[in-house]
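What follows is one structure encoded as structure tokens, with my remarks underneath.
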Amino acid sequence: MSDTPSPRHVPPEAGSSRFVERLRGEAPTATVELRPPRSGLTPGGAMDMWIDLSHAIRGLAARDAFLMLTDSAVGEEEEENLQHLTANLANEVEPCRVVPFLTCLHPLDYCLRYGDRARARGVESLTVTGGDQVRGAARCVPHGYMLRHQLRERAPGLSLGGWVNLHRPIAEQIGFATGPEYEADYYLTQVVSHHDLPRVEQWLVSAEREGLAIPGSFGVFYYRNGRRRVLERLSRFFPVPVDAVAAAFEAGVTPERHCAETIVALRRLGAAHVYLCNLAPHHAATQFDRIMAEVATLEADAA
């Protein structure tokens, strides 16, 4: 794929994107977050993972979903997400549907050139975060908003996303997101669930009160099982309501139903836009369909 946008790609106005337009709309959206292969895998192992990821992206795009590709998730180095868009999905998926993450865990020059390359390839939205410093490289700048500021000047046509953590003090997070330096067109939240809805409700009330103008998408984790050992390991990376999730699975709730219950609960609060984490690439489209079928059933039962 060349740096020239596909003929199908009609760039939005500067500072906007089709992803942001969808987030500003009333119709609910369900975006899917996927992880590229870890760096350092054998050539065969990496190739298998790229093939699975390519199938997942094609299948989900056909379902009118946007796709997020992580960058050094949980501090582990990954193959570059933008390279995958170029090398493996040339002209098969509209690049505007792919919303990559870019962390500050790279040299500054690399990050700035990444913005140039993303825009040249037809990417419209880029989520810029500080990055998990559990392991790996140091940040090129202390905070994500600092990199967003430089990218805004360098590639003004990109819509830039920021990060908020609803498990932190809400007033603090609202202050960040409404501050003049936040430099974002949309926000993503840390993972939340129907087991901790008061945090979401508090955020939504505060966002309306403080006049937060940018739209957001709320993280929803797909728990594949309720084993406490697994849940406790996950809690090293984000807050997990271990007892509540384990109890739900022990009561016979399926992974798809548990995920759907969170989506429906968020919609009832007014959080219509979510992004789904931890779908398995080789089953992502099927899992997505099952989750959304459960959402439809729950909403029909409540009607």
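For the structure tokens, the naming scheme is as follows: chains receive sequential letters (A, B, ...) according to their order of presentation, residues are indexed from 1 within each chain, and ligands are indexed from 1 in presentation order.
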
Need to verify the contact set: Arg152 in chain A, 10 Å, only C-alpha atoms, exclusion of same-chain residues closer than 3 positions in sequence. Can you return it as a VMD selection string?
chain A and resid 15 112 115 147 to 149 155 to 160 183 to 184

Could you write those residues out with all heavy atoms, as an mmCIF file, in the first residue's frame?
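selection06.cif was written with the following content:
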```cif
data_model
loop_
_atom_site.group_PDB
_atom_site.id
_atom_site.type_symbol
_atom_site.label_atom_id
_atom_site.label_comp_id
_atom_site.auth_asym_id
_atom_site.auth_seq_id
_atom_site.Cartn_x
_atom_site.Cartn_y
_atom_site.Cartn_z
ATOM 1 N N GLY A 15 -9.472 18.138 11.752
ATOM 2 C CA GLY A 15 -9.870 18.065 13.152
ATOM 3 C C GLY A 15 -11.068 17.182 13.405
ATOM 4 O O GLY A 15 -11.504 17.040 14.540
ATOM 5 N N LEU A 112 6.474 11.578 15.946
ATOM 6 C CA LEU A 112 6.039 12.631 15.042
ATOM 7 C C LEU A 112 5.940 12.119 13.611
ATOM 8 O O LEU A 112 4.992 12.443 12.876
ATOM 9 C CB LEU A 112 7.004 13.816 15.131
ATOM 10 C CG LEU A 112 7.059 14.505 16.504
ATOM 11 C CD1 LEU A 112 8.072 15.636 16.487
ATOM 12 C CD2 LEU A 112 5.683 15.024 16.923
ATOM 13 N N GLY A 115 2.738 10.131 13.024
ATOM 14 C CA GLY A 115 1.582 10.935 12.662
ATOM 15 C C GLY A 115 1.539 11.248 11.186
ATOM 16 O O GLY A 115 0.475 11.170 10.535
ATOM 17 N N LEU A 147 2.534 15.076 23.705
ATOM 18 C CA LEU A 147 2.734 14.531 22.368
ATOM 19 C C LEU A 147 1.579 14.917 21.456
ATOM 20 O O LEU A 147 1.786 15.237 20.280
ATOM 21 C CB LEU A 147 2.882 13.009 22.438
ATOM 22 C CG LEU A 147 3.117 12.291 21.103
ATOM 23 C CD1 LEU A 147 4.309 12.877 20.346
ATOM 24 C CD2 LEU A 147 3.315 10.795 21.340
ATOM 25 N N ARG A 148 0.345 14.908 21.983
ATOM 26 C CA ARG A 148 -0.799 15.332 21.165
ATOM 27 C C ARG A 148 -0.613 16.767 20.675
ATOM 28 O O ARG A 148 -0.950 17.093 19.532
ATOM 29 C CB ARG A 148 -2.107 15.187 21.950
ATOM 30 C CG ARG A 148 -2.544 13.748 22.177
ATOM 31 C CD ARG A 148 -3.992 13.651 22.607
ATOM 32 N NE ARG A 148 -4.255 14.238 23.909
ATOM 33 C CZ ARG A 148 -4.110 13.606 25.071
ATOM 34 N NH1 ARG A 148 -3.671 12.345 25.093
ATOM 35 N NH2 ARG A 148 -4.381 14.199 26.209
ATOM 36 N N HIS A 149 -0.096 17.622 21.530
ATOM 37 C CA HIS A 149 0.125 19.018 21.142
ATOM 38 C C HIS A 149 1.080 19.101 19.946
ATOM 39 O O HIS A 149 0.831 19.839 18.980
ATOM 40 C CB HIS A 149 0.684 19.811 22.321
ATOM 41 C CG HIS A 149 0.983 21.237 21.995
ATOM 42 N ND1 HIS A 149 0.004 22.197 21.838
ATOM 43 C CD2 HIS A 149 2.165 21.878 21.770
ATOM 44 C CE1 HIS A 149 0.558 23.361 21.535
ATOM 45 N NE2 HIS A 149 1.868 23.196 21.488
ATOM 46 N N ALA A 155 0.474 17.363 12.197
ATOM 47 C CA ALA A 155 -0.532 16.716 11.344
ATOM 48 C C ALA A 155 -1.923 17.184 11.763
ATOM 49 O O ALA A 155 -2.677 16.442 12.397
ATOM 50 C CB ALA A 155 -0.414 15.189 11.457
ATOM 51 N N PRO A 156 -2.275 18.424 11.439
ATOM 52 C CA PRO A 156 -3.527 19.002 11.936
ATOM 53 C C PRO A 156 -4.780 18.280 11.458
ATOM 54 O O PRO A 156 -5.845 18.444 12.044
ATOM 55 C CB PRO A 156 -3.476 20.446 11.417
ATOM 56 C CG PRO A 156 -2.552 20.408 10.246
ATOM 57 C CD PRO A 156 -1.523 19.370 10.582
ATOM 58 N N GLY A 157 -4.690 17.491 10.401
ATOM 59 C CA GLY A 157 -5.869 16.791 9.915
ATOM 60 C C GLY A 157 -6.280 15.585 10.734
ATOM 61 O O GLY A 157 -7.388 15.090 10.597
ATOM 62 N N LEU A 158 -5.397 15.082 11.597
ATOM 63 C CA LEU A 158 -5.719 13.910 12.411
ATOM 64 C C LEU A 158 -6.644 14.274 13.569
ATOM 65 O O LEU A 158 -6.454 15.300 14.232
ATOM 66 C CB LEU A 158 -4.446 13.297 12.991
ATOM 67 C CG LEU A 158 -3.634 12.348 12.120
ATOM 68 C CD1 LEU A 158 -2.341 11.980 12.833
ATOM 69 C CD2 LEU A 158 -4.426 11.089 11.776
ATOM 70 N N SER A 159 -7.638 13.446 13.819
ATOM 71 C CA SER A 159 -8.392 13.537 15.065
ATOM 72 C C SER A 159 -7.604 12.795 16.132
ATOM 73 O O SER A 159 -7.206 11.644 15.928
ATOM 74 C CB SER A 159 -9.776 12.903 14.912
ATOM 75 O OG SER A 159 -10.595 13.703 14.100
ATOM 76 N N LEU A 160 -7.387 13.433 17.256
ATOM 77 C CA LEU A 160 -6.562 12.861 18.311
ATOM 78 C C LEU A 160 -7.410 12.510 19.519
ATOM 79 O O LEU A 160 -8.279 13.287 19.932
ATOM 80 C CB LEU A 160 -5.464 13.849 18.718
ATOM 81 C CG LEU A 160 -4.508 14.272 17.594
ATOM 82 C CD1 LEU A 160 -3.515 15.305 18.107
ATOM 83 C CD2 LEU A 160 -3.778 13.063 17.013
ATOM 84 N N GLU A 183 -5.969 18.752 24.528
ATOM 85 C CA GLU A 183 -5.669 18.623 23.094
ATOM 86 C C GLU A 183 -6.191 17.315 22.510
ATOM 87 O O GLU A 183 -5.456 16.534 21.904
ATOM 88 C CB GLU A 183 -4.159 18.727 22.868
ATOM 89 C CG GLU A 183 -3.743 19.138 21.465
ATOM 90 C CD GLU A 183 -4.097 20.573 21.142
ATOM 91 O OE1 GLU A 183 -3.420 21.479 21.650
ATOM 92 O OE2 GLU A 183 -5.079 20.765 20.391
ATOM 93 N N ALA A 184 -7.497 17.060 22.689
ATOM 94 C CA ALA A 184 -8.070 15.822 22.155
ATOM 95 C C ALA A 184 -9.446 16.099 21.568
ATOM 96 O O ALA A 184 -10.167 17.001 22.016
ATOM 97 C CB ALA A 184 -8.163 14.758 23.244
#
```

When DSSP is applied to the backbone of this structure, which of range 132-241 of chain A are assigned helix (DSSP H, G or I)? Write them out as JSON, numbers by chain.
{"A": [144, 145, 146, 147, 148, 149, 150, 151, 152, 153, 154, 170, 171, 172, 173, 174, 175, 176, 177, 178, 197, 198, 199, 200, 201, 202, 203, 204, 205, 206, 207, 208, 209, 228, 229, 230, 231, 232, 233, 234]}

Residues from last step as file, N, CA and C atoms, as a short mmCIF file (atom, residue, chain, number, x, y, z; two decimals), in the first residue's frame:
```
data_model
loop_
_atom_site.label_atom_id
_atom_site.label_comp_id
_atom_site.auth_asym_id
_atom_site.auth_seq_id
_atom_site.Cartn_x
_atom_site.Cartn_y
_atom_site.Cartn_z
N GLY A 144 0.83 12.17 27.74
CA GLY A 144 0.31 12.05 26.39
C GLY A 144 -0.12 13.37 25.78
N TYR A 145 -0.67 14.29 26.59
CA TYR A 145 -1.15 15.54 26.01
C TYR A 145 -0.01 16.33 25.38
N MET A 146 1.21 16.16 25.89
CA MET A 146 2.35 16.87 25.33
C MET A 146 2.66 16.38 23.91
N LEU A 147 2.53 15.08 23.71
CA LEU A 147 2.73 14.53 22.37
C LEU A 147 1.58 14.92 21.46
N ARG A 148 0.34 14.91 21.98
CA ARG A 148 -0.80 15.33 21.16
C ARG A 148 -0.61 16.77 20.68
N HIS A 149 -0.10 17.62 21.53
CA HIS A 149 0.12 19.02 21.14
C HIS A 149 1.08 19.10 19.95
N GLN A 150 2.16 18.34 19.99
CA GLN A 150 3.12 18.38 18.88
C GLN A 150 2.55 17.75 17.62
N LEU A 151 1.78 16.67 17.79
CA LEU A 151 1.16 16.05 16.62
C LEU A 151 0.11 16.97 16.00
N ARG A 152 -0.59 17.74 16.81
CA ARG A 152 -1.60 18.67 16.30
C ARG A 152 -0.96 19.68 15.37
N GLU A 153 0.21 20.16 15.76
CA GLU A 153 0.90 21.12 14.92
C GLU A 153 1.47 20.46 13.66
N ARG A 154 1.91 19.22 13.80
CA ARG A 154 2.57 18.52 12.70
C ARG A 154 1.56 17.94 11.71
N ILE A 170 -12.76 11.39 40.08
CA ILE A 170 -13.47 11.89 38.91
C ILE A 170 -13.19 13.37 38.68
N ALA A 171 -13.14 14.15 39.74
CA ALA A 171 -12.88 15.59 39.57
C ALA A 171 -11.52 15.82 38.91
N GLU A 172 -10.54 15.01 39.29
CA GLU A 172 -9.22 15.12 38.68
C GLU A 172 -9.27 14.82 37.19
N GLN A 173 -9.95 13.72 36.82
CA GLN A 173 -10.01 13.30 35.43
C GLN A 173 -10.82 14.28 34.58
N ILE A 174 -11.91 14.81 35.12
CA ILE A 174 -12.68 15.83 34.41
C ILE A 174 -11.84 17.07 34.20
N GLY A 175 -11.06 17.42 35.21
CA GLY A 175 -10.18 18.57 35.08
C GLY A 175 -9.19 18.40 33.95
N PHE A 176 -8.63 17.19 33.81
CA PHE A 176 -7.71 16.93 32.71
C PHE A 176 -8.42 17.09 31.36
N ALA A 177 -9.59 16.43 31.23
CA ALA A 177 -10.28 16.36 29.94
C ALA A 177 -10.87 17.69 29.50
N THR A 178 -11.17 18.58 30.43
CA THR A 178 -11.73 19.89 30.08
C THR A 178 -10.67 20.97 30.04
N LEU A 197 -20.85 0.67 38.23
CA LEU A 197 -21.54 1.72 37.51
C LEU A 197 -21.53 3.08 38.20
N PRO A 198 -21.49 3.15 39.54
CA PRO A 198 -21.47 4.49 40.15
C PRO A 198 -20.34 5.37 39.64
N ARG A 199 -19.19 4.77 39.31
CA ARG A 199 -18.09 5.57 38.77
C ARG A 199 -18.47 6.17 37.42
N VAL A 200 -19.13 5.39 36.59
CA VAL A 200 -19.55 5.87 35.27
C VAL A 200 -20.60 6.96 35.42
N GLU A 201 -21.57 6.72 36.30
CA GLU A 201 -22.63 7.71 36.50
C GLU A 201 -22.05 9.02 37.01
N GLN A 202 -21.10 8.94 37.92
CA GLN A 202 -20.46 10.15 38.44
C GLN A 202 -19.72 10.89 37.34
N TRP A 203 -19.04 10.14 36.47
CA TRP A 203 -18.33 10.76 35.35
C TRP A 203 -19.31 11.49 34.41
N LEU A 204 -20.41 10.82 34.05
CA LEU A 204 -21.36 11.41 33.12
C LEU A 204 -22.00 12.68 33.69
N VAL A 205 -22.34 12.64 34.97
CA VAL A 205 -22.92 13.82 35.62
C VAL A 205 -21.91 14.96 35.64
N SER A 206 -20.68 14.64 36.01
CA SER A 206 -19.64 15.67 36.08
C SER A 206 -19.31 16.22 34.70
N ALA A 207 -19.27 15.34 33.70
CA ALA A 207 -18.97 15.79 32.34
C ALA A 207 -20.01 16.77 31.84
N GLU A 208 -21.27 16.50 32.13
CA GLU A 208 -22.33 17.43 31.71
C GLU A 208 -22.24 18.74 32.49
N ARG A 209 -22.00 18.63 33.77
CA ARG A 209 -21.93 19.84 34.61
C ARG A 209 -20.76 20.73 34.21
N ARG A 228 -10.51 -17.17 39.39
CA ARG A 228 -9.98 -16.10 40.24
C ARG A 228 -8.50 -15.85 39.99
N ARG A 229 -7.77 -16.89 39.72
CA ARG A 229 -6.33 -16.72 39.47
C ARG A 229 -6.11 -15.81 38.26
N VAL A 230 -6.92 -16.02 37.21
CA VAL A 230 -6.81 -15.20 36.00
C VAL A 230 -7.25 -13.77 36.29
N LEU A 231 -8.36 -13.63 37.02
CA LEU A 231 -8.88 -12.30 37.33
C LEU A 231 -7.89 -11.50 38.19
N GLU A 232 -7.28 -12.17 39.14
CA GLU A 232 -6.30 -11.49 39.99
C GLU A 232 -5.07 -11.07 39.20
N ARG A 233 -4.68 -11.89 38.22
CA ARG A 233 -3.55 -11.50 37.38
C ARG A 233 -3.91 -10.29 36.53
N LEU A 234 -5.12 -10.26 36.01
CA LEU A 234 -5.56 -9.11 35.23
C LEU A 234 -5.59 -7.84 36.07
#
```

Can you tell me which residues surround Thr129 in chain A at a distance of at most 12 Å, considering only C-alpha atoms, apart from same-chain residues fewer than 3 positions away, and format the answer as a PyMOL selection string?
chain A and resi 70-73+100-106+111+126+132-133+139-149+160-165+182-184+187-190

Nearby residues (only C-alpha atoms) at most 12 Å from Phe249 in chain A, same-chain spacing under 6 positions excluded, as a PDB file with N, CA, C and O atoms, in the first residue's frame:
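Output file around.pdb follows:
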```pdb
ATOM      1  N   TYR A 223     -14.345 -10.879  29.577  1.00  0.00           N
ATOM      2  CA  TYR A 223     -13.743 -11.889  30.448  1.00  0.00           C
ATOM      3  C   TYR A 223     -14.047 -13.270  29.862  1.00  0.00           C
ATOM      4  O   TYR A 223     -15.208 -13.659  29.747  1.00  0.00           O
ATOM      5  N   ARG A 224     -13.012 -13.986  29.512  1.00  0.00           N
ATOM      6  CA  ARG A 224     -13.210 -15.282  28.865  1.00  0.00           C
ATOM      7  C   ARG A 224     -13.600 -16.373  29.858  1.00  0.00           C
ATOM      8  O   ARG A 224     -14.151 -17.406  29.481  1.00  0.00           O
ATOM      9  N   ASN A 225     -13.307 -16.162  31.128  1.00  0.00           N
ATOM     10  CA  ASN A 225     -13.720 -17.096  32.180  1.00  0.00           C
ATOM     11  C   ASN A 225     -13.688 -16.350  33.511  1.00  0.00           C
ATOM     12  O   ASN A 225     -13.246 -15.194  33.576  1.00  0.00           O
ATOM     13  N   GLY A 226     -14.170 -17.010  34.554  1.00  0.00           N
ATOM     14  CA  GLY A 226     -14.234 -16.382  35.863  1.00  0.00           C
ATOM     15  C   GLY A 226     -13.252 -16.962  36.857  1.00  0.00           C
ATOM     16  O   GLY A 226     -13.470 -16.843  38.082  1.00  0.00           O
ATOM     17  N   ARG A 227     -12.170 -17.572  36.385  1.00  0.00           N
ATOM     18  CA  ARG A 227     -11.196 -18.150  37.310  1.00  0.00           C
ATOM     19  C   ARG A 227     -10.494 -17.038  38.085  1.00  0.00           C
ATOM     20  O   ARG A 227      -9.929 -16.110  37.496  1.00  0.00           O
ATOM     21  N   ARG A 228     -10.513 -17.168  39.391  1.00  0.00           N
ATOM     22  CA  ARG A 228      -9.982 -16.102  40.241  1.00  0.00           C
ATOM     23  C   ARG A 228      -8.502 -15.854  39.987  1.00  0.00           C
ATOM     24  O   ARG A 228      -8.042 -14.702  40.044  1.00  0.00           O
ATOM     25  N   LEU A 231      -8.359 -13.627  37.018  1.00  0.00           N
ATOM     26  CA  LEU A 231      -8.876 -12.295  37.327  1.00  0.00           C
ATOM     27  C   LEU A 231      -7.893 -11.501  38.186  1.00  0.00           C
ATOM     28  O   LEU A 231      -7.703 -10.297  37.984  1.00  0.00           O
ATOM     29  N   VAL A 242     -13.068  -8.641  41.098  1.00  0.00           N
ATOM     30  CA  VAL A 242     -12.810 -10.081  41.060  1.00  0.00           C
ATOM     31  C   VAL A 242     -13.985 -10.872  41.618  1.00  0.00           C
ATOM     32  O   VAL A 242     -14.469 -11.828  40.991  1.00  0.00           O
ATOM     33  N   ASP A 243     -14.445 -10.531  42.809  1.00  0.00           N
ATOM     34  CA  ASP A 243     -15.510 -11.307  43.453  1.00  0.00           C
ATOM     35  C   ASP A 243     -16.793 -11.286  42.620  1.00  0.00           C
ATOM     36  O   ASP A 243     -17.445 -12.328  42.446  1.00  0.00           O
ATOM     37  N   PRO A 255     -19.477 -15.732  29.002  1.00  0.00           N
ATOM     38  CA  PRO A 255     -18.658 -14.550  28.722  1.00  0.00           C
ATOM     39  C   PRO A 255     -19.389 -13.516  27.867  1.00  0.00           C
ATOM     40  O   PRO A 255     -19.285 -12.310  28.122  1.00  0.00           O
ATOM     41  N   GLU A 256     -20.138 -13.994  26.870  1.00  0.00           N
ATOM     42  CA  GLU A 256     -20.848 -13.062  25.996  1.00  0.00           C
ATOM     43  C   GLU A 256     -21.962 -12.336  26.758  1.00  0.00           C
ATOM     44  O   GLU A 256     -22.149 -11.119  26.574  1.00  0.00           O
ATOM     45  N   ARG A 257     -22.691 -13.063  27.614  1.00  0.00           N
ATOM     46  CA  ARG A 257     -23.768 -12.424  28.374  1.00  0.00           C
ATOM     47  C   ARG A 257     -23.186 -11.418  29.369  1.00  0.00           C
ATOM     48  O   ARG A 257     -23.734 -10.314  29.533  1.00  0.00           O
ATOM     49  N   HIS A 258     -22.089 -11.766  30.016  1.00  0.00           N
ATOM     50  CA  HIS A 258     -21.486 -10.855  30.988  1.00  0.00           C
ATOM     51  C   HIS A 258     -21.054  -9.554  30.306  1.00  0.00           C
ATOM     52  O   HIS A 258     -21.299  -8.455  30.813  1.00  0.00           O
ATOM     53  N   CYS A 259     -20.428  -9.668  29.145  1.00  0.00           N
ATOM     54  CA  CYS A 259     -20.004  -8.496  28.394  1.00  0.00           C
ATOM     55  C   CYS A 259     -21.217  -7.672  27.959  1.00  0.00           C
ATOM     56  O   CYS A 259     -21.219  -6.435  28.063  1.00  0.00           O
TER      57      CYS A 259
END
```

Taking the DSSP assignment computed from this structure's backbone, write out as a short mmCIF file (atom, residue, chain, number, x, y, z; two decimals) with N, CA and C atoms, in the first residue's frame all residues of range 33-178 of chain A that belong to strand (DSSP E or B).
```cif
data_model
loop_
_atom_site.label_atom_id
_atom_site.label_comp_id
_atom_site.auth_asym_id
_atom_site.auth_seq_id
_atom_site.Cartn_x
_atom_site.Cartn_y
_atom_site.Cartn_z
N GLU A 33 -11.07 -3.43 20.24
CA GLU A 33 -9.63 -3.25 20.43
C GLU A 33 -8.93 -4.59 20.21
N LEU A 34 -7.90 -4.60 19.37
CA LEU A 34 -7.12 -5.80 19.11
C LEU A 34 -5.64 -5.51 19.31
N ARG A 38 3.25 -9.77 19.70
CA ARG A 38 4.38 -9.27 20.49
C ARG A 38 5.64 -9.28 19.64
N LEU A 67 -11.99 -0.37 14.43
CA LEU A 67 -11.00 -1.26 15.04
C LEU A 67 -9.89 -0.43 15.67
N MET A 68 -9.58 -0.71 16.92
CA MET A 68 -8.44 -0.10 17.58
C MET A 68 -7.30 -1.10 17.63
N LEU A 69 -6.10 -0.66 17.30
CA LEU A 69 -4.92 -1.51 17.38
C LEU A 69 -3.99 -0.93 18.43
N GLU A 78 5.16 -4.55 21.03
CA GLU A 78 4.37 -5.22 20.00
C GLU A 78 4.89 -4.80 18.62
N VAL A 98 -9.68 2.05 11.01
CA VAL A 98 -8.65 1.62 11.96
C VAL A 98 -8.21 2.83 12.79
N VAL A 99 -8.30 2.69 14.11
CA VAL A 99 -7.96 3.76 15.05
C VAL A 99 -6.79 3.26 15.89
N PRO A 100 -5.56 3.53 15.46
CA PRO A 100 -4.41 3.01 16.20
C PRO A 100 -4.18 3.76 17.51
N PHE A 101 -3.52 3.09 18.43
CA PHE A 101 -2.95 3.73 19.60
C PHE A 101 -1.50 4.10 19.29
N LEU A 102 -1.06 5.21 19.83
CA LEU A 102 0.35 5.58 19.82
C LEU A 102 0.72 6.00 21.23
N THR A 103 1.65 5.29 21.85
CA THR A 103 2.10 5.67 23.18
C THR A 103 3.37 6.51 23.07
N SER A 125 -8.05 8.92 12.73
CA SER A 125 -8.09 9.08 14.18
C SER A 125 -6.94 8.33 14.81
N LEU A 126 -6.34 8.94 15.80
CA LEU A 126 -5.18 8.36 16.48
C LEU A 126 -5.30 8.64 17.96
N THR A 127 -5.31 7.58 18.77
CA THR A 127 -5.38 7.73 20.22
C THR A 127 -3.97 7.78 20.79
N VAL A 128 -3.64 8.88 21.44
CA VAL A 128 -2.28 9.12 21.94
C VAL A 128 -2.29 9.10 23.46
N THR A 129 -1.55 8.17 24.04
CA THR A 129 -1.50 8.02 25.49
C THR A 129 -0.06 7.97 25.98
N SER A 159 -7.64 13.45 13.82
CA SER A 159 -8.39 13.54 15.07
C SER A 159 -7.60 12.79 16.13
N LEU A 160 -7.39 13.43 17.26
CA LEU A 160 -6.56 12.86 18.31
C LEU A 160 -7.41 12.51 19.52
N GLY A 161 -7.15 11.34 20.08
CA GLY A 161 -7.87 10.88 21.25
C GLY A 161 -6.99 10.87 22.48
N GLY A 162 -7.60 11.09 23.64
CA GLY A 162 -6.92 11.02 24.92
C GLY A 162 -7.49 9.92 25.78
N TRP A 163 -7.04 9.88 27.01
CA TRP A 163 -7.34 8.78 27.93
C TRP A 163 -7.82 9.34 29.25
N VAL A 164 -8.85 8.71 29.82
CA VAL A 164 -9.28 9.05 31.17
C VAL A 164 -9.47 7.75 31.95
#
```

Neighbours of Glu21 in chain A within 12 Å (only C-alpha atoms; same-chain residues fewer than 3 positions away dropped), as a PyMOL selection string?
chain A and resi 12-13+15-18+24-29+96+124-125+159+185-186+214-216+273

Spatial neighbours of Ala285 in chain A, max dist 10 Å, only C-alpha atoms, sep filter under 5 positions, as number ranges by chain
A: 32, 55-63, 279-280, 290-291

For the selection just defined, write its residues with all heavy atoms to a file, as a compact mmCIF listing (two decimals), in the first residue's frame.
```txt
# COMPACT_ATOMS: atom_id res chain seq x y z
N VAL A 32 -13.88 -2.38 18.50
CA VAL A 32 -13.15 -3.53 19.02
C VAL A 32 -11.66 -3.19 19.09
O VAL A 32 -11.07 -2.71 18.12
CB VAL A 32 -13.35 -4.78 18.14
CG1 VAL A 32 -12.51 -5.95 18.66
CG2 VAL A 32 -14.82 -5.17 18.12
N HIS A 55 -7.77 -11.45 9.47
CA HIS A 55 -9.12 -12.01 9.34
C HIS A 55 -10.09 -11.29 10.27
O HIS A 55 -11.23 -10.98 9.89
CB HIS A 55 -9.12 -13.51 9.64
CG HIS A 55 -8.51 -14.35 8.55
ND1 HIS A 55 -8.75 -14.14 7.22
CD2 HIS A 55 -7.66 -15.41 8.61
CE1 HIS A 55 -8.10 -15.03 6.50
NE2 HIS A 55 -7.42 -15.81 7.31
N ALA A 56 -9.64 -11.03 11.51
CA ALA A 56 -10.50 -10.36 12.48
C ALA A 56 -10.87 -8.97 12.01
O ALA A 56 -12.04 -8.55 12.08
CB ALA A 56 -9.81 -10.30 13.84
N ILE A 57 -9.89 -8.21 11.53
CA ILE A 57 -10.15 -6.84 11.10
C ILE A 57 -11.10 -6.82 9.91
O ILE A 57 -12.05 -6.03 9.87
CB ILE A 57 -8.82 -6.13 10.78
CG1 ILE A 57 -8.02 -5.92 12.07
CG2 ILE A 57 -9.07 -4.81 10.07
CD1 ILE A 57 -6.65 -5.34 11.86
N ARG A 58 -10.86 -7.71 8.95
CA ARG A 58 -11.76 -7.75 7.79
C ARG A 58 -13.19 -8.10 8.21
O ARG A 58 -14.15 -7.49 7.76
CB ARG A 58 -11.25 -8.77 6.77
CG ARG A 58 -9.94 -8.39 6.09
CD ARG A 58 -9.60 -9.38 4.98
NE ARG A 58 -8.26 -9.21 4.48
CZ ARG A 58 -7.21 -9.94 4.86
NH1 ARG A 58 -7.36 -10.93 5.73
NH2 ARG A 58 -6.01 -9.73 4.35
N GLY A 59 -13.31 -9.11 9.08
CA GLY A 59 -14.64 -9.54 9.50
C GLY A 59 -15.37 -8.48 10.29
O GLY A 59 -16.57 -8.25 10.08
N LEU A 60 -14.67 -7.80 11.17
CA LEU A 60 -15.32 -6.78 11.99
C LEU A 60 -15.64 -5.53 11.18
O LEU A 60 -16.68 -4.91 11.38
CB LEU A 60 -14.41 -6.44 13.18
CG LEU A 60 -14.28 -7.56 14.20
CD1 LEU A 60 -13.10 -7.31 15.13
CD2 LEU A 60 -15.57 -7.73 15.01
N ALA A 61 -14.75 -5.18 10.26
CA ALA A 61 -15.04 -4.03 9.39
C ALA A 61 -16.30 -4.29 8.56
O ALA A 61 -17.09 -3.38 8.31
CB ALA A 61 -13.85 -3.73 8.49
N ALA A 62 -16.48 -5.54 8.14
CA ALA A 62 -17.68 -5.89 7.37
C ALA A 62 -18.94 -5.77 8.22
O ALA A 62 -20.05 -5.67 7.68
CB ALA A 62 -17.56 -7.32 6.84
N ARG A 63 -18.78 -5.74 9.53
CA ARG A 63 -19.91 -5.58 10.45
C ARG A 63 -20.08 -4.12 10.87
O ARG A 63 -20.74 -3.84 11.86
CB ARG A 63 -19.70 -6.48 11.67
CG ARG A 63 -19.89 -7.96 11.36
CD ARG A 63 -19.18 -8.84 12.36
NE ARG A 63 -19.49 -10.24 12.21
CZ ARG A 63 -18.96 -11.04 11.28
NH1 ARG A 63 -18.09 -10.56 10.41
NH2 ARG A 63 -19.30 -12.32 11.22
N LEU A 279 -11.08 -9.61 22.92
CA LEU A 279 -11.60 -10.62 22.00
C LEU A 279 -10.42 -11.37 21.39
O LEU A 279 -9.37 -10.78 21.12
CB LEU A 279 -12.44 -9.99 20.90
CG LEU A 279 -13.67 -9.17 21.31
CD1 LEU A 279 -14.49 -8.83 20.08
CD2 LEU A 279 -14.52 -9.89 22.34
N ALA A 280 -10.58 -12.66 21.18
CA ALA A 280 -9.50 -13.46 20.58
C ALA A 280 -9.48 -13.21 19.08
O ALA A 280 -10.51 -13.37 18.42
CB ALA A 280 -9.74 -14.94 20.86
N ARG A 290 -21.90 -12.75 18.86
CA ARG A 290 -22.60 -13.33 20.01
C ARG A 290 -22.86 -12.29 21.09
O ARG A 290 -23.94 -12.28 21.72
CB ARG A 290 -21.78 -14.50 20.57
CG ARG A 290 -21.75 -15.72 19.65
CD ARG A 290 -20.81 -16.78 20.19
NE ARG A 290 -20.82 -17.98 19.35
CZ ARG A 290 -19.97 -18.98 19.48
NH1 ARG A 290 -19.03 -18.94 20.43
NH2 ARG A 290 -20.05 -20.03 18.68
N ILE A 291 -21.90 -11.42 21.31
CA ILE A 291 -22.09 -10.36 22.31
C ILE A 291 -23.23 -9.44 21.89
O ILE A 291 -24.12 -9.14 22.69
CB ILE A 291 -20.79 -9.56 22.48
CG1 ILE A 291 -19.72 -10.41 23.16
CG2 ILE A 291 -21.04 -8.29 23.30
CD1 ILE A 291 -18.32 -9.82 23.08
```

Expressed in Å to a single decimal, how great is the separation between CA of Gly211 in chain A and CA of Val192 in chain A?
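Separation of CA of Gly211 in chain A and CA of Val192 in chain A: 22.1 Å.
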